[in-house]
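Here the structure is laid out as structure tokens; the discussion comes afterwards.
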Amino acid sequence: MPTDDDDAQGLFDFDTGNTNGFDNWRRQREARLQSIRREWAVPVGKRVCLKLREFDHEFVGILMLAEEPQKIDRRLPLLLKIHNLPLGLADIEHCTVLD
């Protein structure tokens with residue numbers, strides 16, 4: 001029998017206002033983003049000021065995953081985006097977290 005500590009997603013129960021499923025999903029998503037941040041040392045999901053090697057100006061916005069990595073392994077490429085502009089880690093000249 002599942003307990004409150006299980007990682008089970010749960011059910012969306014809109015009639016009663018039960019948000020356990022959504023809250024569990026958010027916790028799992030944040031834990032995965034934390035793993036990605038640690039492994040690749042990049043502030044995914046954070047508001048950043050980003051200077052890319054190919055551009056003369058800086059981008060300010062949320063650094064997002066362009067594609068979810070299959071495995072948490074820094075030897076694999078990490079595909080990112082800011083303002084729908086795709087980029088890789090090698091494209092980043094410098095990055096400052098704003099929040």
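Residue names in the structure tokens use chain letters A, B, ... in the order shown, residue numbers from 1 in each chain, and ligand numbers from 1 in the order shown.
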Return as a PyMOL selection string the full set of residues in chain A whose backbone-based DSSP assignment is strand (DSSP E or B).
chain A and resi 13+18+47-52+58-62+64-65+79-82+85-88+92-97
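Put simply, CA of Trp25 in chain A is 17.4 Å away from CA of Val44 in chain A.
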Could you pull the residues within 8 Å of Val97 in chain A, counting only C-alpha atoms, minus those fewer than 2 positions along the same chain, as JSON, numbers by chain?
{"A": [43, 46, 47, 48, 49, 95, 99]}
Need the shell around Glu67 in chain A: protein/DNA/RNA residues with any atom at most 8 Å away, counting only C-alpha atoms. Skip same-chain ones fewer than 3 positions apart. Format as a VMD selection string?
chain A and resid 78 to 80
Those selected residues, please, written with N, CA and C atoms and delivered as an mmCIF file, in the first residue's frame.
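Final output, saved to part-v2.cif:
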```cif
data_model
loop_
_atom_site.group_PDB
_atom_site.id
_atom_site.type_symbol
_atom_site.label_atom_id
_atom_site.label_comp_id
_atom_site.auth_asym_id
_atom_site.auth_seq_id
_atom_site.Cartn_x
_atom_site.Cartn_y
_atom_site.Cartn_z
ATOM 1 N N LEU A 78 24.161 18.168 -23.620
ATOM 2 C CA LEU A 78 22.973 18.745 -23.006
ATOM 3 C C LEU A 78 22.463 19.823 -23.949
ATOM 4 N N LEU A 79 21.243 19.650 -24.420
ATOM 5 C CA LEU A 79 20.651 20.597 -25.362
ATOM 6 C C LEU A 79 19.778 21.585 -24.607
ATOM 7 N N LEU A 80 20.126 22.865 -24.716
ATOM 8 C CA LEU A 80 19.479 23.935 -23.976
ATOM 9 C C LEU A 80 18.820 24.919 -24.933
#
```
Any chance you could list, as a PyMOL selection string, the residues in chain A that come up alpha helix (DSSP H) when DSSP is run on the backbone?
chain A and resi 20-40
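The closest residue to Ile92 in chain A, picked from A:Ile62, A:Ala41, A:Leu33, A:Leu52 and counting only C-alpha atoms, is A:Leu52.
For the pair CA of Glu39 in chain A and CA of Leu87 in chain A, the interatomic distance is 17.5 Å.
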List as a PDB file with C-alpha atoms, in the first residue's frame the protein and nucleic acid residues near range 82-84 of chain A, meaning an atom at most 8 Å away when only C-alpha atoms are counted, but skip any in the same chain fewer than 4 places from it.
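That gives us out-v2.pdb:
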```pdb
ATOM      1  CA  PHE A  59      20.303  37.210 -23.445  1.00  0.00           C
ATOM      2  CA  GLY A  61      15.588  34.850 -19.611  1.00  0.00           C
ATOM      3  CA  ILE A  62      14.932  31.365 -18.288  1.00  0.00           C
ATOM      4  CA  LEU A  63      17.542  28.818 -19.350  1.00  0.00           C
ATOM      5  CA  MET A  64      15.521  25.779 -20.403  1.00  0.00           C
TER       6      MET A  64
END
```
Please provide as a ChimeraX atom specification all residues within 12 Å of Leu76 in chain A, with the sequence filter that same-chain residues fewer than 5 positions apart are discarded (counting only C-alpha atoms).
/A:36,39-40,68-71,88-89
Selection to disk with N, CA and C atoms, as a PDB file, in the first residue's frame:
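Saved as result-v1.pdb:
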```pdb
ATOM      1  N   ILE A  36      20.336  17.538 -12.939  1.00  0.00           N
ATOM      2  CA  ILE A  36      20.926  18.071 -14.177  1.00  0.00           C
ATOM      3  C   ILE A  36      21.832  19.259 -13.859  1.00  0.00           C
ATOM      4  N   GLU A  39      25.065  17.828 -12.305  1.00  0.00           N
ATOM      5  CA  GLU A  39      25.886  17.028 -13.223  1.00  0.00           C
ATOM      6  C   GLU A  39      26.575  17.884 -14.283  1.00  0.00           C
ATOM      7  N   TRP A  40      25.850  18.820 -14.879  1.00  0.00           N
ATOM      8  CA  TRP A  40      26.410  19.633 -15.950  1.00  0.00           C
ATOM      9  C   TRP A  40      26.846  21.020 -15.466  1.00  0.00           C
ATOM     10  N   GLU A  68      15.010  16.810 -23.145  1.00  0.00           N
ATOM     11  CA  GLU A  68      15.274  16.122 -21.876  1.00  0.00           C
ATOM     12  C   GLU A  68      16.383  15.087 -22.077  1.00  0.00           C
ATOM     13  N   PRO A  69      17.445  15.136 -21.276  1.00  0.00           N
ATOM     14  CA  PRO A  69      18.496  14.122 -21.424  1.00  0.00           C
ATOM     15  C   PRO A  69      17.976  12.739 -21.021  1.00  0.00           C
ATOM     16  N   GLN A  70      18.381  11.730 -21.767  1.00  0.00           N
ATOM     17  CA  GLN A  70      17.953  10.368 -21.470  1.00  0.00           C
ATOM     18  C   GLN A  70      18.582   9.862 -20.177  1.00  0.00           C
ATOM     19  N   LYS A  71      19.834  10.270 -19.939  1.00  0.00           N
ATOM     20  CA  LYS A  71      20.555   9.872 -18.735  1.00  0.00           C
ATOM     21  C   LYS A  71      21.221  11.095 -18.140  1.00  0.00           C
ATOM     22  N   GLY A  88      24.125  24.718 -27.035  1.00  0.00           N
ATOM     23  CA  GLY A  88      24.800  23.683 -26.253  1.00  0.00           C
ATOM     24  C   GLY A  88      25.713  24.336 -25.236  1.00  0.00           C
ATOM     25  N   LEU A  89      26.271  23.552 -24.366  1.00  0.00           N
ATOM     26  CA  LEU A  89      27.149  24.108 -23.329  1.00  0.00           C
ATOM     27  C   LEU A  89      28.356  24.825 -23.929  1.00  0.00           C
TER      28      LEU A  89
END
```
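When CA of Arg37 in chain A is paired with CA of Glu58 in chain A, their separation reads 21.1 Å.
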Residue nearest His57 in chain A among A:His94, A:Asp73, A:Asn20, A:Gln28 (counting only C-alpha atoms)
A:His94
